Structures are given as structure tokens and as C-alpha cells.
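**Q** Pasting query_25.pdb below, which is PDB, C-alpha atoms, pLDDT in the B column.
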ATOM      1  CA  MET A   1     -12.855  20.612  -3.713  1.00 37.00           C
ATOM      2  CA  ALA A   2     -14.452  17.378  -2.546  1.00 38.00           C
ATOM      3  CA  SER A   3     -12.381  14.260  -2.090  1.00 41.00           C
ATOM      4  CA  ILE A   4     -12.877  11.485  -4.601  1.00 40.00           C
ATOM      5  CA  VAL A   5     -12.766   8.871  -1.852  1.00 41.00           C
ATOM      6  CA  GLU A   6     -15.349   9.587   0.849  1.00 40.00           C
ATOM      7  CA  GLN A   7     -13.736  10.062   4.240  1.00 40.00           C
ATOM      8  CA  GLU A   8     -15.788   8.226   6.811  1.00 42.00           C
ATOM      9  CA  ALA A   9     -14.881   6.393   9.978  1.00 42.00           C
ATOM     10  CA  SER A  10     -14.761   3.250   7.842  1.00 56.00           C
ATOM     11  CA  SER A  11     -12.568   4.705   5.089  1.00 77.00           C
ATOM     12  CA  PRO A  12      -9.672   2.380   4.384  1.00 90.00           C
ATOM     13  CA  LEU A  13      -6.191   2.732   5.677  1.00 92.00           C
ATOM     14  CA  VAL A  14      -3.881   2.249   2.710  1.00 95.00           C
ATOM     15  CA  LEU A  15      -0.986  -0.077   3.492  1.00 94.00           C
ATOM     16  CA  LEU A  16       1.830   0.334   0.947  1.00 94.00           C
ATOM     17  CA  CYS A  17       4.134  -2.679   1.113  1.00 90.00           C
ATOM     18  CA  VAL A  18       7.738  -2.091   0.091  1.00 89.00           C
ATOM     19  CA  GLY A  19       9.541  -5.398  -0.377  1.00 77.00           C
ATOM     20  CA  GLY A  20      13.189  -6.107   0.236  1.00 65.00           C
ATOM     21  CA  GLY A  21      14.342  -5.392  -3.323  1.00 61.00           C
ATOM     22  CA  VAL A  22      17.418  -6.774  -5.054  1.00 60.00           C
ATOM     23  CA  GLU A  23      20.616  -6.922  -2.996  1.00 65.00           C
ATOM     24  CA  GLY A  24      22.777  -3.846  -3.598  1.00 62.00           C
ATOM     25  CA  ALA A  25      20.171  -1.932  -5.620  1.00 66.00           C
ATOM     26  CA  PRO A  26      17.565   0.517  -4.360  1.00 68.00           C
ATOM     27  CA  HIS A  27      14.028  -0.836  -4.258  1.00 77.00           C
ATOM     28  CA  PRO A  28      12.036   0.385  -7.284  1.00 80.00           C
ATOM     29  CA  ALA A  29       9.873   2.434  -4.904  1.00 85.00           C
ATOM     30  CA  PHE A  30      12.920   4.593  -4.126  1.00 84.00           C
ATOM     31  CA  GLN A  31      14.247   4.972  -7.654  1.00 83.00           C
ATOM     32  CA  SER A  32      13.966   8.471  -9.046  1.00 82.00           C
ATOM     33  CA  MET A  33      11.150   9.444 -11.374  1.00 85.00           C
ATOM     34  CA  LEU A  34      10.777  13.099 -12.368  1.00 87.00           C
ATOM     35  CA  GLY A  35      13.282  14.069  -9.680  1.00 86.00           C
ATOM     36  CA  LYS A  36      11.495  12.311  -6.788  1.00 90.00           C
ATOM     37  CA  PRO A  37      11.364   8.706  -5.579  1.00 91.00           C
ATOM     38  CA  PHE A  38       8.585   6.648  -7.187  1.00 92.00           C
ATOM     39  CA  LEU A  39       7.017   6.182  -3.727  1.00 93.00           C
ATOM     40  CA  PHE A  40       6.629   9.967  -3.415  1.00 94.00           C
ATOM     41  CA  HIS A  41       4.470   9.980  -6.554  1.00 94.00           C
ATOM     42  CA  GLN A  42       2.388   7.059  -5.281  1.00 94.00           C
ATOM     43  CA  LEU A  43       1.734   8.884  -2.018  1.00 96.00           C
ATOM     44  CA  LYS A  44       0.828  12.098  -3.867  1.00 95.00           C
ATOM     45  CA  GLN A  45      -1.651  10.102  -5.957  1.00 96.00           C
ATOM     46  CA  LEU A  46      -3.297   8.747  -2.808  1.00 95.00           C
ATOM     47  CA  GLU A  47      -3.471  12.231  -1.305  1.00 95.00           C
ATOM     48  CA  ARG A  48      -4.971  13.624  -4.520  1.00 94.00           C
ATOM     49  CA  LEU A  49      -7.618  10.885  -4.475  1.00 94.00           C
ATOM     50  CA  GLY A  50      -8.667  11.805  -0.932  1.00 93.00           C
ATOM     51  CA  VAL A  51      -7.014   9.072   1.117  1.00 94.00           C
ATOM     52  CA  SER A  52      -6.348  10.318   4.650  1.00 92.00           C
ATOM     53  CA  LYS A  53      -4.285   7.523   6.290  1.00 93.00           C
ATOM     54  CA  VAL A  54      -1.351   5.678   4.753  1.00 95.00           C
ATOM     55  CA  ALA A  55       1.099   3.254   6.309  1.00 94.00           C
ATOM     56  CA  VAL A  56       4.314   2.354   4.509  1.00 94.00           C
ATOM     57  CA  SER A  57       5.577  -1.082   5.492  1.00 91.00           C
ATOM     58  CA  VAL A  58       9.326  -1.643   5.087  1.00 89.00           C
ATOM     59  CA  GLU A  59      11.816  -4.198   6.358  1.00 83.00           C
ATOM     60  CA  SER A  60      14.456  -1.519   6.849  1.00 82.00           C
ATOM     61  CA  VAL A  61      14.058   2.243   6.559  1.00 85.00           C
ATOM     62  CA  PRO A  62      15.996   3.648   3.593  1.00 85.00           C
ATOM     63  CA  PRO A  63      17.340   7.194   4.082  1.00 85.00           C
ATOM     64  CA  ALA A  64      14.845   8.645   1.568  1.00 87.00           C
ATOM     65  CA  LEU A  65      11.739   7.406   3.420  1.00 90.00           C
ATOM     66  CA  PRO A  66      11.767   9.728   6.462  1.00 91.00           C
ATOM     67  CA  THR A  67      12.324  12.675   4.099  1.00 91.00           C
ATOM     68  CA  ILE A  68       9.326  11.668   1.978  1.00 92.00           C
ATOM     69  CA  VAL A  69       7.148  11.283   5.078  1.00 93.00           C
ATOM     70  CA  GLU A  70       8.297  14.656   6.421  1.00 92.00           C
ATOM     71  CA  GLN A  71       7.445  16.344   3.112  1.00 91.00           C
ATOM     72  CA  LEU A  72       3.970  14.830   2.794  1.00 93.00           C
ATOM     73  CA  ASP A  73       2.663  14.131   6.315  1.00 88.00           C
ATOM     74  CA  ARG A  74       0.198  16.876   7.262  1.00 90.00           C
ATOM     75  CA  PRO A  75      -3.265  17.310   8.779  1.00 92.00           C
ATOM     76  CA  GLY A  76      -5.706  15.418   6.604  1.00 91.00           C
ATOM     77  CA  PHE A  77      -2.984  13.181   5.134  1.00 94.00           C
ATOM     78  CA  ASN A  78      -1.168  11.098   7.705  1.00 93.00           C
ATOM     79  CA  ILE A  79       1.689   8.755   6.818  1.00 94.00           C
ATOM     80  CA  ARG A  80       3.278   6.254   9.175  1.00 94.00           C
ATOM     81  CA  ILE A  81       6.275   3.982   8.700  1.00 93.00           C
ATOM     82  CA  LEU A  82       5.754   0.384   9.849  1.00 92.00           C
ATOM     83  CA  ARG A  83       8.617  -1.999  10.540  1.00 88.00           C
ATOM     84  CA  THR A  84       6.695  -4.946  12.006  1.00 83.00           C
ATOM     85  CA  PRO A  85       3.177  -6.362  11.703  1.00 81.00           C
ATOM     86  CA  ALA A  86       2.602  -5.339  15.333  1.00 82.00           C
ATOM     87  CA  ASP A  87       3.002  -1.667  14.309  1.00 87.00           C
ATOM     88  CA  LEU A  88      -0.179  -1.999  12.249  1.00 87.00           C
ATOM     89  CA  THR A  89      -2.374  -2.836  15.263  1.00 86.00           C
ATOM     90  CA  ALA A  90      -2.154   0.724  16.590  1.00 84.00           C
ATOM     91  CA  LEU A  91      -3.471   2.173  13.318  1.00 85.00           C
ATOM     92  CA  VAL A  92      -6.621   0.163  12.619  1.00 86.00           C
ATOM     93  CA  THR A  93      -9.769  -0.977  14.341  1.00 85.00           C
ATOM     94  CA  ASP A  94     -11.281  -4.403  13.774  1.00 85.00           C
ATOM     95  CA  SER A  95     -14.019  -2.957  11.553  1.00 86.00           C
ATOM     96  CA  GLN A  96     -11.834  -0.631   9.485  1.00 89.00           C
ATOM     97  CA  PRO A  97     -10.961  -1.797   5.987  1.00 92.00           C
ATOM     98  CA  VAL A  98      -7.292  -1.934   5.015  1.00 93.00           C
ATOM     99  CA  PHE A  99      -6.369  -1.544   1.354  1.00 94.00           C
ATOM    100  CA  VAL A 100      -3.092  -3.389   0.788  1.00 93.00           C
ATOM    101  CA  LYS A 101      -1.011  -2.289  -2.199  1.00 94.00           C
ATOM    102  CA  SER A 102       2.406  -3.420  -3.300  1.00 91.00           C
ATOM    103  CA  ALA A 103       4.644  -0.402  -3.894  1.00 90.00           C
ATOM    104  CA  ASP A 104       5.872  -2.230  -7.006  1.00 87.00           C
ATOM    105  CA  VAL A 105       2.492  -1.763  -8.688  1.00 88.00           C
ATOM    106  CA  GLN A 106       1.229   1.465 -10.242  1.00 89.00           C
ATOM    107  CA  VAL A 107      -2.515   1.807 -10.755  1.00 92.00           C
ATOM    108  CA  SER A 108      -4.421   4.465 -12.707  1.00 94.00           C
ATOM    109  CA  ASP A 109      -6.559   6.947 -10.766  1.00 95.00           C
ATOM    110  CA  ASP A 110      -9.815   5.503 -12.106  1.00 95.00           C
ATOM    111  CA  ILE A 111      -9.004   1.921 -11.163  1.00 93.00           C
ATOM    112  CA  LEU A 112      -7.582   2.912  -7.783  1.00 94.00           C
ATOM    113  CA  VAL A 113     -10.677   4.962  -6.895  1.00 94.00           C
ATOM    114  CA  GLY A 114     -12.907   2.039  -7.862  1.00 92.00           C
ATOM    115  CA  LEU A 115     -10.910  -0.354  -5.702  1.00 92.00           C
ATOM    116  CA  LEU A 116     -10.837   2.025  -2.714  1.00 92.00           C
ATOM    117  CA  GLN A 117     -14.618   2.442  -2.872  1.00 90.00           C
ATOM    118  CA  ARG A 118     -15.365  -1.280  -3.026  1.00 88.00           C
ATOM    119  CA  THR A 119     -16.859  -2.849   0.037  1.00 84.00           C
ATOM    120  CA  GLY A 120     -15.917  -6.270   1.248  1.00 87.00           C
ATOM    121  CA  ARG A 121     -12.691  -8.214   1.008  1.00 90.00           C
ATOM    122  CA  PHE A 122     -10.912  -9.016  -2.226  1.00 90.00           C
ATOM    123  CA  VAL A 123      -7.537 -10.108  -3.527  1.00 90.00           C
ATOM    124  CA  THR A 124      -6.508  -9.337  -7.093  1.00 88.00           C
ATOM    125  CA  ARG A 125      -4.915 -12.304  -8.798  1.00 90.00           C
ATOM    126  CA  LEU A 126      -3.140 -13.077 -12.032  1.00 88.00           C
ATOM    127  CA  PRO A 127      -3.208 -16.503 -13.674  1.00 88.00           C
ATOM    128  CA  GLU A 128      -0.039 -18.571 -13.456  1.00 87.00           C
ATOM    129  CA  GLN A 129       1.653 -17.688 -16.750  1.00 86.00           C
ATOM    130  CA  PRO A 130       5.303 -17.043 -17.647  1.00 89.00           C
ATOM    131  CA  GLU A 131       4.731 -13.294 -18.157  1.00 87.00           C
ATOM    132  CA  HIS A 132       3.498 -12.991 -14.545  1.00 84.00           C
ATOM    133  CA  SER A 133       6.588 -14.562 -12.962  1.00 83.00           C
ATOM    134  CA  ALA A 134       7.633 -11.272 -11.305  1.00 81.00           C
ATOM    135  CA  PHE A 135       4.474 -11.350  -9.154  1.00 83.00           C
ATOM    136  CA  GLU A 136       4.374 -13.245  -5.863  1.00 81.00           C
ATOM    137  CA  ARG A 137       2.793 -16.689  -6.039  1.00 81.00           C
ATOM    138  CA  ILE A 138      -0.211 -17.138  -3.722  1.00 82.00           C
ATOM    139  CA  ASP A 139      -1.149 -20.656  -4.797  1.00 81.00           C
ATOM    140  CA  LEU A 140      -0.315 -23.118  -7.570  1.00 83.00           C
ATOM    141  CA  ALA A 141      -2.663 -21.498 -10.075  1.00 83.00           C
ATOM    142  CA  SER A 142      -2.283 -17.776  -9.414  1.00 84.00           C
ATOM    143  CA  ARG A 143      -0.118 -14.890  -8.282  1.00 86.00           C
ATOM    144  CA  TRP A 144      -0.930 -11.796  -6.210  1.00 84.00           C
ATOM    145  CA  ALA A 145      -1.406  -8.765  -8.472  1.00 86.00           C
ATOM    146  CA  GLY A 146      -0.397  -6.457  -5.620  1.00 88.00           C
ATOM    147  CA  LEU A 147      -3.839  -5.193  -4.531  1.00 91.00           C
ATOM    148  CA  ALA A 148      -6.209  -6.418  -1.819  1.00 90.00           C
ATOM    149  CA  MET A 149      -8.812  -5.193   0.666  1.00 93.00           C
ATOM    150  CA  ILE A 150      -8.879  -6.852   4.075  1.00 90.00           C
ATOM    151  CA  ASP A 151     -10.672  -6.247   7.367  1.00 88.00           C
ATOM    152  CA  GLY A 152      -8.879  -4.417  10.136  1.00 87.00           C
ATOM    153  CA  MET A 153      -9.429  -7.491  12.283  1.00 87.00           C
ATOM    154  CA  ILE A 154      -7.322  -9.570   9.879  1.00 84.00           C
ATOM    155  CA  ALA A 155      -4.648  -6.868   9.750  1.00 83.00           C
ATOM    156  CA  ARG A 156      -4.547  -6.722  13.542  1.00 82.00           C
ATOM    157  CA  GLN A 157      -4.126 -10.508  13.755  1.00 81.00           C
ATOM    158  CA  ALA A 158      -1.060 -10.258  11.529  1.00 75.00           C
ATOM    159  CA  SER A 159       0.794  -8.914  14.556  1.00 67.00           C
ATOM    160  CA  VAL A 160       0.922 -12.405  16.045  1.00 67.00           C
ATOM    161  CA  ILE A 161       2.630 -13.889  12.975  1.00 62.00           C
ATOM    162  CA  PRO A 162       6.236 -14.724  13.806  1.00 60.00           C
ATOM    163  CA  GLU A 163       8.821 -12.675  11.910  1.00 57.00           C
ATOM    164  CA  GLY A 164      10.951 -14.283   9.218  1.00 50.00           C
TER
END
Translate this file's structure into C-alpha cells.
**A**
Amino acid sequence: MASIVEQEASSPLVLLCVGGGVEGAPHPAFQSMLGKPFLFHQLKQLERLGVSKVAVSVESVPPALPTIVEQLDRPGFNIRILRTPADLTALVTDSQPVFVKSADVQVSDDILVGLLQRTGRFVTRLPEQPEHSAFERIDLASRWAGLAMIDGMIARQASVIPEG
């Protein structure tokens, strides 16, 4: 069976960003859905769609994450855990696209395939409205919808950004 997303040297690395979450509660990415953490299902979706390289960015590694990686990491579908922006530099080349996705956002297969196959950079945005207040503000007029495509060169430069 052919992959939906073509696997070329320039195929994107998918960077799943898991935020800090609410103090004392598990991040939504690690809450159970159908007996598995939500993140597990997101990774299975990416594998099903033909993605070959995924990096999961976390501030701290919850106990469930290494188990998920162990269950899913295999030849043809590689998952890495990133703790700092510098960890990303070892995974991408300057010319490789990086698809950045918030782990808080679920996207249908059709939309995700379309976004993964797009060429060039993009950032999905939502207009500044009360119903979008849960999304991160990126400027005064809009919020990040949790999906973007950036160049590997930009991702590699993130390693020089000071932490905190």
C-alpha cells in the first residue's frame, strides 16, 4: 500500500508540540481516549498517512511518553523526544521542511494530508475573537491555530533562542 504522503528527502519532519498544561492535571495529549493517550492516536494518524519522522517536543517527559515512543518507533516511522530547541538541530537539514503541530489540535486526515503536501511556509491563524481565546496569540489581530510549515533552516536557528 502506497503512502499518502510521498516520502522524499524533502518530506517534512512533523514536530508535535506538547505545551506545559494546567498545573496538577495531565496535558490533554496524555489524557486517555479509547484506552490510549490522545498523543498515541495522533502519532498513529501520522504513521497511517505515511509520515516517516516525528519529533515530540515537551518541557518535561511524562511517564507515558517513553512508553508511547517504544510502542510506535520502528523502521519507517521514527519518533524522537525533544526537550530543548537545540535537540531539533540534529534532526533536520536547512532545506528540509518542518511541519509544526500543536498536540492540542486534532485535524482530519484530508486536511492534514493537504497541509503536509503543501510547499512553502505557512502559519494557520484564527481571527482575534472571544471563542478563540484558548489559542495562543501571535499578534494583536490573530492567534495561532496550531499548524505551520517552516524551513529546516528556521527550525535549526531556534536552537540559539534562550530558554525561558
**Q** Might you pull out every residue within 6 Å of Ala55 (chain A), with only C-alpha atoms counted and same-chain residues fewer than 4 positions away left off, and present them as a ChimeraX atom specification?
**A** /A:15,79-81
**Q** Only C-alpha atoms, please: the residues just picked out, written as a CSV table (one decimal), in the coordinates of the input.
**A**
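Wrote it out as selection-v5.csv, contents follow:
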chain,number,residue,atom,x,y,z
A,15,LEU,CA,-1.0,-0.1,3.5
A,79,ILE,CA,1.7,8.8,6.8
A,80,ARG,CA,3.3,6.3,9.2
A,81,ILE,CA,6.3,4.0,8.7
**Q** Show me as number ranges by chain the residues that reach within 8 Å of (5.6, 9.1, 0.7), counting only C-alpha atoms and using the file's own coordinates.
**A** A: 39-44, 56, 65, 68-69, 71-72, 79
**Q** Let me know the residues the PyMOL selection byres ((chain A and resi 115-125) around 8) catches in the file above, as a PDB file with C-alpha atoms, in the coordinates of the input.
**A**
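That gives us result_18.pdb:
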ATOM      1  CA  VAL A   5     -12.766   8.871  -1.852  1.00 41.00           C
ATOM      2  CA  PRO A  12      -9.672   2.380   4.384  1.00 90.00           C
ATOM      3  CA  PHE A  99      -6.369  -1.544   1.354  1.00 94.00           C
ATOM      4  CA  ILE A 111      -9.004   1.921 -11.163  1.00 93.00           C
ATOM      5  CA  LEU A 112      -7.582   2.912  -7.783  1.00 94.00           C
ATOM      6  CA  VAL A 113     -10.677   4.962  -6.895  1.00 94.00           C
ATOM      7  CA  GLY A 114     -12.907   2.039  -7.862  1.00 92.00           C
ATOM      8  CA  LEU A 126      -3.140 -13.077 -12.032  1.00 88.00           C
ATOM      9  CA  PRO A 127      -3.208 -16.503 -13.674  1.00 88.00           C
ATOM     10  CA  SER A 142      -2.283 -17.776  -9.414  1.00 84.00           C
ATOM     11  CA  ARG A 143      -0.118 -14.890  -8.282  1.00 86.00           C
ATOM     12  CA  TRP A 144      -0.930 -11.796  -6.210  1.00 84.00           C
ATOM     13  CA  ALA A 145      -1.406  -8.765  -8.472  1.00 86.00           C
ATOM     14  CA  GLY A 146      -0.397  -6.457  -5.620  1.00 88.00           C
ATOM     15  CA  LEU A 147      -3.839  -5.193  -4.531  1.00 91.00           C
ATOM     16  CA  ALA A 148      -6.209  -6.418  -1.819  1.00 90.00           C
ATOM     17  CA  MET A 149      -8.812  -5.193   0.666  1.00 93.00           C
ATOM     18  CA  ILE A 150      -8.879  -6.852   4.075  1.00 90.00           C
ATOM     19  CA  ASP A 151     -10.672  -6.247   7.367  1.00 88.00           C
TER      20      ASP A 151
END
**Q** State, in Å with one decimal place, the distance from CA of Pro85 (chain A) to CA of Pro97 (chain A).
**A** 15.9 Å
**Q** To one decimal place in Å, what is the distance between CA of Gly76 (chain A) and CA of Val58 (chain A)?
**A** 22.8 Å
**Q** Within 12 Å of Gln31 (chain A), counting only C-alpha atoms, which residues show up once you throw out same-chain ones fewer than 2 positions away? Write them as number ranges by chain, please.
**A** A: 21, 25-29, 33-41, 62, 64-65, 103-104
**Q** The selected residues should be written to file as a PDB file, in the coordinates of the input (atoms: C-alpha atoms).
**A**
ATOM      1  CA  GLY A  21      14.342  -5.392  -3.323  1.00 61.00           C
ATOM      2  CA  ALA A  25      20.171  -1.932  -5.620  1.00 66.00           C
ATOM      3  CA  PRO A  26      17.565   0.517  -4.360  1.00 68.00           C
ATOM      4  CA  HIS A  27      14.028  -0.836  -4.258  1.00 77.00           C
ATOM      5  CA  PRO A  28      12.036   0.385  -7.284  1.00 80.00           C
ATOM      6  CA  ALA A  29       9.873   2.434  -4.904  1.00 85.00           C
ATOM      7  CA  MET A  33      11.150   9.444 -11.374  1.00 85.00           C
ATOM      8  CA  LEU A  34      10.777  13.099 -12.368  1.00 87.00           C
ATOM      9  CA  GLY A  35      13.282  14.069  -9.680  1.00 86.00           C
ATOM     10  CA  LYS A  36      11.495  12.311  -6.788  1.00 90.00           C
ATOM     11  CA  PRO A  37      11.364   8.706  -5.579  1.00 91.00           C
ATOM     12  CA  PHE A  38       8.585   6.648  -7.187  1.00 92.00           C
ATOM     13  CA  LEU A  39       7.017   6.182  -3.727  1.00 93.00           C
ATOM     14  CA  PHE A  40       6.629   9.967  -3.415  1.00 94.00           C
ATOM     15  CA  HIS A  41       4.470   9.980  -6.554  1.00 94.00           C
ATOM     16  CA  PRO A  62      15.996   3.648   3.593  1.00 85.00           C
ATOM     17  CA  ALA A  64      14.845   8.645   1.568  1.00 87.00           C
ATOM     18  CA  LEU A  65      11.739   7.406   3.420  1.00 90.00           C
ATOM     19  CA  ALA A 103       4.644  -0.402  -3.894  1.00 90.00           C
ATOM     20  CA  ASP A 104       5.872  -2.230  -7.006  1.00 87.00           C
TER      21      ASP A 104
END
**Q** Please report the interatomic distance between CA of Ala158 (chain A) and CA of Val105 (chain A) in Å with one decimal.
**A**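 Interatomic distance here is 22.2 Å.
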**Q** Quick one: residues within 10 Å of Gln96 (chain A), only C-alpha atoms, excluding same-chain residues fewer than 5 positions away - as a PyMOL selection string?
**A** chain A and resi 9-13+91+150-153+155
**Q** Nearest to Thr84 (chain A): which of A:Phe135, A:Glu47, A:Cys17, A:Pro66 is it, counting only C-alpha atoms?
**A**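 Ranking A:Phe135, A:Glu47, A:Cys17, A:Pro66 by distance to Thr84 (chain A), first place goes to A:Cys17.
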**Q** Return as JSON the centre and edge lengths, in Å with one decimal, of the box along x, y and z that encloses every atom of region 44-52 of chain A in the file, padded by 3 Å per side.
**A**
{"center_x": -3.9, "center_y": 11.2, "center_z": -0.7, "size_x": 15.5, "size_y": 10.9, "size_z": 16.6}
**Q** Would you please work out which residue, of A:Gln106, A:Gln129, A:Phe30, A:Asp94, is nearest to Pro63 (chain A) when using only C-alpha atoms?
**A**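 Looking at the shortest contact to Pro63 (chain A), the residue is A:Phe30.
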